[in-house]
Amino acid sequence: MMLQKVHLLGAELEDNLLVVLVKKGEGGVIIGRHGKVAKHLEKMLGKKIRVLEVPYSYYDAALSILKPARILGINLLFQLKGKERYKVRVQKWGMIKLPSDISSLEKLLTRFMGKEVVLYFE
């Protein structure tokens, strides 16, 4: 494997999902051709792996973590007392394709997006 060329910036683990942070442009090295490297790492670690390139936007974070589910949109909700949170809208059929349970995904997305995240299926 060619993982020596990758600059690992960090990793977040929640339940059975590991999100690996790498420099911009190095995500393809961890994923590998046809996903071979990522699949090998998943077997070795016994966890599902998602790769997030830094710097990233909140949309990139949601897209990387929730794939292969399809994101319909992300809304910023304004609440009382100046609180804000994101509502990530996912296609309902994508619910069965999520890499982990809903609460774990919401916790991970909250860490990466900087505000509380709620997944909404429609």
# chains A, B, ... in the order shown; residues from 1 in each chain; ligands from 1
>>> residues_around(residues="Glu84 of chain A", least_positions_apart="2", cutoff="12 Å", atoms="only C-alpha atoms", output="short mmCIF file (atom, residue, chain, number, x, y, z; two decimals) with all heavy atoms, in the first residue's frame")
data_model
loop_
_atom_site.label_atom_id
_atom_site.label_comp_id
_atom_site.auth_asym_id
_atom_site.auth_seq_id
_atom_site.Cartn_x
_atom_site.Cartn_y
_atom_site.Cartn_z
N ASN A 75 -30.05 22.90 5.60
CA ASN A 75 -30.67 24.14 6.01
C ASN A 75 -30.11 24.59 7.35
O ASN A 75 -29.86 23.77 8.22
CB ASN A 75 -32.19 23.97 6.16
CG ASN A 75 -32.83 23.53 4.86
OD1 ASN A 75 -33.08 22.36 4.67
ND2 ASN A 75 -33.07 24.46 3.97
N LEU A 76 -29.94 25.89 7.51
CA LEU A 76 -29.53 26.46 8.78
C LEU A 76 -30.78 26.94 9.49
O LEU A 76 -31.53 27.77 8.97
CB LEU A 76 -28.56 27.63 8.56
CG LEU A 76 -28.04 28.32 9.80
CD1 LEU A 76 -27.28 27.36 10.70
CD2 LEU A 76 -27.13 29.48 9.40
N LEU A 77 -31.05 26.36 10.67
CA LEU A 77 -32.24 26.72 11.43
C LEU A 77 -31.86 27.67 12.55
O LEU A 77 -30.91 27.42 13.29
CB LEU A 77 -32.88 25.46 12.03
CG LEU A 77 -33.24 24.34 11.07
CD1 LEU A 77 -33.75 23.13 11.83
CD2 LEU A 77 -34.28 24.82 10.09
N PHE A 78 -32.61 28.76 12.68
CA PHE A 78 -32.39 29.72 13.75
C PHE A 78 -33.42 29.45 14.83
O PHE A 78 -34.61 29.42 14.58
CB PHE A 78 -32.54 31.15 13.23
CG PHE A 78 -31.50 31.50 12.20
CD1 PHE A 78 -31.77 31.41 10.85
CD2 PHE A 78 -30.23 31.90 12.59
CE1 PHE A 78 -30.82 31.71 9.90
CE2 PHE A 78 -29.26 32.20 11.66
CZ PHE A 78 -29.56 32.11 10.31
N GLN A 79 -32.93 29.28 16.07
CA GLN A 79 -33.81 28.98 17.18
C GLN A 79 -33.80 30.13 18.18
O GLN A 79 -33.09 31.11 18.01
CB GLN A 79 -33.35 27.69 17.87
CG GLN A 79 -33.40 26.49 16.95
CD GLN A 79 -32.88 25.24 17.64
OE1 GLN A 79 -31.84 25.27 18.27
NE2 GLN A 79 -33.62 24.17 17.50
N LEU A 80 -34.58 29.95 19.22
CA LEU A 80 -34.64 30.97 20.27
C LEU A 80 -33.28 31.13 20.95
O LEU A 80 -32.47 30.23 20.96
CB LEU A 80 -35.69 30.58 21.31
CG LEU A 80 -37.13 30.48 20.79
CD1 LEU A 80 -38.03 29.94 21.89
CD2 LEU A 80 -37.61 31.82 20.31
N LYS A 81 -33.07 32.29 21.54
CA LYS A 81 -31.85 32.61 22.28
C LYS A 81 -30.60 32.54 21.41
O LYS A 81 -29.51 32.24 21.88
CB LYS A 81 -31.70 31.69 23.49
CG LYS A 81 -32.84 31.83 24.48
CD LYS A 81 -32.64 30.90 25.65
CE LYS A 81 -33.85 30.99 26.56
NZ LYS A 81 -33.78 30.03 27.66
N GLY A 82 -30.74 32.79 20.12
CA GLY A 82 -29.60 32.87 19.22
C GLY A 82 -28.95 31.54 18.85
O GLY A 82 -27.89 31.53 18.25
N TYR A 86 -28.00 22.85 12.11
CA TYR A 86 -28.17 22.42 10.73
C TYR A 86 -29.18 21.29 10.64
O TYR A 86 -29.19 20.40 11.48
CB TYR A 86 -26.85 21.93 10.14
CG TYR A 86 -25.84 23.01 9.85
CD1 TYR A 86 -24.64 23.06 10.55
CD2 TYR A 86 -26.07 23.95 8.87
CE1 TYR A 86 -23.70 24.03 10.28
CE2 TYR A 86 -25.16 24.93 8.59
CZ TYR A 86 -23.96 24.97 9.31
OH TYR A 86 -23.05 25.94 9.04
N LYS A 87 -29.99 21.36 9.62
CA LYS A 87 -30.92 20.27 9.29
C LYS A 87 -30.43 19.69 7.96
O LYS A 87 -30.48 20.36 6.93
CB LYS A 87 -32.33 20.83 9.15
CG LYS A 87 -33.36 19.83 8.73
CD LYS A 87 -34.72 20.52 8.75
CE LYS A 87 -35.67 19.95 7.78
NZ LYS A 87 -36.94 20.68 7.75
N THR A 110 -22.00 16.91 13.90
CA THR A 110 -21.96 18.05 14.81
C THR A 110 -20.51 18.45 15.06
O THR A 110 -20.18 19.64 15.07
CB THR A 110 -22.66 17.72 16.14
OG1 THR A 110 -24.05 17.46 15.85
CG2 THR A 110 -22.57 18.85 17.12
N MET A 113 -19.16 20.00 11.60
CA MET A 113 -19.85 21.17 11.06
C MET A 113 -19.91 22.33 12.05
O MET A 113 -20.28 23.44 11.69
CB MET A 113 -21.24 20.77 10.57
CG MET A 113 -21.17 19.82 9.38
SD MET A 113 -22.73 19.07 8.89
CE MET A 113 -23.62 20.43 8.22
N GLY A 114 -19.58 22.10 13.30
CA GLY A 114 -19.48 23.18 14.26
C GLY A 114 -20.78 23.61 14.92
O GLY A 114 -20.77 24.46 15.80
N LYS A 115 -21.89 23.07 14.50
CA LYS A 115 -23.20 23.37 15.09
C LYS A 115 -23.95 22.05 15.23
O LYS A 115 -23.63 21.07 14.57
CB LYS A 115 -24.01 24.31 14.20
CG LYS A 115 -23.48 25.71 14.12
CD LYS A 115 -24.36 26.55 13.21
CE LYS A 115 -23.99 27.98 13.12
NZ LYS A 115 -22.63 28.31 12.83
N GLU A 116 -24.95 22.04 16.08
CA GLU A 116 -25.77 20.84 16.24
C GLU A 116 -26.39 20.44 14.90
O GLU A 116 -26.84 21.30 14.14
CB GLU A 116 -26.87 21.09 17.26
CG GLU A 116 -27.71 19.87 17.54
CD GLU A 116 -28.88 20.17 18.47
OE1 GLU A 116 -28.95 21.27 19.04
OE2 GLU A 116 -29.73 19.28 18.60
N VAL A 117 -26.41 19.15 14.61
CA VAL A 117 -26.93 18.65 13.34
C VAL A 117 -28.08 17.67 13.62
O VAL A 117 -27.99 16.83 14.50
CB VAL A 117 -25.83 17.93 12.54
CG1 VAL A 117 -26.41 17.27 11.30
CG2 VAL A 117 -24.74 18.91 12.15
N VAL A 118 -29.14 17.82 12.82
CA VAL A 118 -30.28 16.91 12.88
C VAL A 118 -30.48 16.34 11.49
O VAL A 118 -30.53 17.09 10.51
CB VAL A 118 -31.56 17.64 13.34
CG1 VAL A 118 -32.76 16.72 13.29
CG2 VAL A 118 -31.38 18.23 14.71
#
>>> select_by_dssp(residues="chain A", states="helix (DSSP H, G or I)", output="number ranges by chain")
A: 3-5, 27-31, 33-45, 58-66, 80-82, 92-97, 102-113
>>> write_last_selection(atoms="N, CA and C atoms", output="short mmCIF file (atom, residue, chain, number, x, y, z; two decimals), in the first residue's frame")
data_model
loop_
_atom_site.label_atom_id
_atom_site.label_comp_id
_atom_site.auth_asym_id
_atom_site.auth_seq_id
_atom_site.Cartn_x
_atom_site.Cartn_y
_atom_site.Cartn_z
N LEU A 3 0.40 4.17 1.58
CA LEU A 3 -0.07 5.10 2.60
C LEU A 3 1.04 5.97 3.16
N GLN A 4 2.29 5.73 2.78
CA GLN A 4 3.39 6.56 3.25
C GLN A 4 3.32 7.97 2.67
N LYS A 5 2.61 8.14 1.57
CA LYS A 5 2.50 9.45 0.92
C LYS A 5 1.40 10.31 1.52
N GLY A 27 -7.03 12.26 -0.51
CA GLY A 27 -8.11 11.33 -0.21
C GLY A 27 -8.10 10.12 -1.13
N GLY A 28 -7.74 10.34 -2.38
CA GLY A 28 -7.71 9.25 -3.35
C GLY A 28 -6.69 8.18 -3.02
N VAL A 29 -5.61 8.57 -2.33
CA VAL A 29 -4.58 7.60 -1.97
C VAL A 29 -5.13 6.63 -0.92
N ILE A 30 -5.87 7.16 0.06
CA ILE A 30 -6.43 6.29 1.10
C ILE A 30 -7.56 5.42 0.53
N ILE A 31 -8.34 5.98 -0.37
CA ILE A 31 -9.43 5.21 -0.95
C ILE A 31 -8.87 4.15 -1.90
N ARG A 33 -7.53 2.71 -5.85
CA ARG A 33 -8.23 2.42 -7.10
C ARG A 33 -9.36 1.44 -6.83
N HIS A 34 -10.56 1.83 -7.22
CA HIS A 34 -11.78 1.04 -7.02
C HIS A 34 -12.04 0.76 -5.53
N GLY A 35 -11.47 1.58 -4.64
CA GLY A 35 -11.71 1.45 -3.20
C GLY A 35 -10.96 0.31 -2.53
N LYS A 36 -9.93 -0.22 -3.19
CA LYS A 36 -9.22 -1.38 -2.66
C LYS A 36 -8.54 -1.08 -1.31
N VAL A 37 -7.87 0.04 -1.21
CA VAL A 37 -7.14 0.37 0.02
C VAL A 37 -8.12 0.58 1.17
N ALA A 38 -9.19 1.31 0.92
CA ALA A 38 -10.18 1.56 1.96
C ALA A 38 -10.83 0.26 2.42
N LYS A 39 -11.15 -0.61 1.50
CA LYS A 39 -11.76 -1.90 1.86
C LYS A 39 -10.79 -2.74 2.70
N HIS A 40 -9.51 -2.71 2.34
CA HIS A 40 -8.51 -3.45 3.11
C HIS A 40 -8.40 -2.90 4.53
N LEU A 41 -8.38 -1.58 4.65
CA LEU A 41 -8.33 -0.95 5.97
C LEU A 41 -9.58 -1.27 6.80
N GLU A 42 -10.73 -1.28 6.14
CA GLU A 42 -11.97 -1.61 6.84
C GLU A 42 -11.93 -3.03 7.39
N LYS A 43 -11.38 -3.97 6.63
CA LYS A 43 -11.26 -5.34 7.11
C LYS A 43 -10.28 -5.44 8.27
N MET A 44 -9.15 -4.74 8.17
CA MET A 44 -8.13 -4.78 9.22
C MET A 44 -8.66 -4.18 10.53
N LEU A 45 -9.34 -3.05 10.44
CA LEU A 45 -9.79 -2.34 11.63
C LEU A 45 -11.16 -2.81 12.14
N TYR A 58 -18.98 22.55 5.14
CA TYR A 58 -19.93 21.72 5.88
C TYR A 58 -20.65 20.76 4.94
N TYR A 59 -20.84 21.16 3.68
CA TYR A 59 -21.47 20.28 2.70
C TYR A 59 -20.55 19.09 2.38
N ASP A 60 -19.24 19.36 2.23
CA ASP A 60 -18.28 18.28 1.97
C ASP A 60 -18.27 17.27 3.11
N ALA A 61 -18.34 17.77 4.35
CA ALA A 61 -18.34 16.89 5.52
C ALA A 61 -19.56 15.98 5.50
N ALA A 62 -20.72 16.56 5.26
CA ALA A 62 -21.96 15.77 5.23
C ALA A 62 -21.92 14.75 4.09
N LEU A 63 -21.44 15.18 2.94
CA LEU A 63 -21.38 14.30 1.77
C LEU A 63 -20.45 13.11 2.02
N SER A 64 -19.28 13.36 2.58
CA SER A 64 -18.31 12.30 2.83
C SER A 64 -18.79 11.31 3.88
N ILE A 65 -19.36 11.82 4.96
CA ILE A 65 -19.75 10.96 6.07
C ILE A 65 -21.00 10.14 5.75
N LEU A 66 -21.95 10.73 5.04
CA LEU A 66 -23.23 10.05 4.79
C LEU A 66 -23.26 9.19 3.54
N LEU A 80 -34.58 29.95 19.22
CA LEU A 80 -34.64 30.97 20.27
C LEU A 80 -33.28 31.13 20.95
N LYS A 81 -33.07 32.29 21.54
CA LYS A 81 -31.85 32.61 22.28
C LYS A 81 -30.60 32.54 21.41
N GLY A 82 -30.74 32.79 20.12
CA GLY A 82 -29.60 32.87 19.22
C GLY A 82 -28.95 31.54 18.85
N LYS A 92 -35.17 9.53 1.64
CA LYS A 92 -35.66 8.49 2.54
C LYS A 92 -35.09 7.10 2.22
N TRP A 93 -34.95 6.76 0.94
CA TRP A 93 -34.42 5.44 0.59
C TRP A 93 -32.97 5.30 1.03
N GLY A 94 -32.28 6.41 1.23
CA GLY A 94 -30.89 6.39 1.66
C GLY A 94 -30.71 5.99 3.11
N MET A 95 -31.82 5.94 3.84
CA MET A 95 -31.78 5.59 5.25
C MET A 95 -31.17 4.20 5.47
N ILE A 96 -31.45 3.27 4.57
CA ILE A 96 -30.92 1.91 4.73
C ILE A 96 -29.46 1.81 4.31
N LYS A 97 -28.96 2.81 3.60
CA LYS A 97 -27.59 2.78 3.12
C LYS A 97 -26.62 3.56 4.02
N ILE A 102 -28.25 6.56 13.23
CA ILE A 102 -28.55 7.99 13.05
C ILE A 102 -27.93 8.86 14.14
N SER A 103 -28.01 8.43 15.39
CA SER A 103 -27.47 9.26 16.48
C SER A 103 -25.95 9.39 16.38
N SER A 104 -25.25 8.34 15.99
CA SER A 104 -23.79 8.41 15.82
C SER A 104 -23.43 9.36 14.68
N LEU A 105 -24.18 9.29 13.60
CA LEU A 105 -23.92 10.17 12.46
C LEU A 105 -24.17 11.64 12.84
N GLU A 106 -25.22 11.90 13.61
CA GLU A 106 -25.50 13.26 14.03
C GLU A 106 -24.39 13.80 14.93
N LYS A 107 -23.84 12.96 15.81
CA LYS A 107 -22.73 13.38 16.67
C LYS A 107 -21.49 13.70 15.85
N LEU A 108 -21.17 12.84 14.89
CA LEU A 108 -20.00 13.09 14.03
C LEU A 108 -20.16 14.37 13.23
N LEU A 109 -21.31 14.53 12.61
CA LEU A 109 -21.56 15.73 11.81
C LEU A 109 -21.52 16.98 12.66
N THR A 110 -22.00 16.91 13.90
CA THR A 110 -21.96 18.05 14.81
C THR A 110 -20.51 18.45 15.06
N ARG A 111 -19.61 17.49 15.24
CA ARG A 111 -18.19 17.79 15.46
C ARG A 111 -17.56 18.47 14.25
N PHE A 112 -17.89 17.99 13.06
CA PHE A 112 -17.24 18.52 11.86
C PHE A 112 -17.89 19.79 11.34
N MET A 113 -19.16 20.00 11.60
CA MET A 113 -19.85 21.17 11.06
C MET A 113 -19.91 22.33 12.05
#
>>> atom_distance(atom1="atom CA of Val54 of chain A", atom2="atom CA of Lys24 of chain A")
5.4 Å
>>> residues_around(residues="Val88 of chain A", least_positions_apart="4", cutoff="6 Å", atoms="only C-alpha atoms", output="ChimeraX atom specification")
/A:74,119-120
>>> atom_distance(atom1="atom CA of Val90 of chain A", atom2="atom CA of Glu14 of chain A")
19.9 Å
>>> atom_distance(atom1="atom CA of Glu53 of chain A", atom2="atom CA of Glu26 of chain A")
7.3 Å
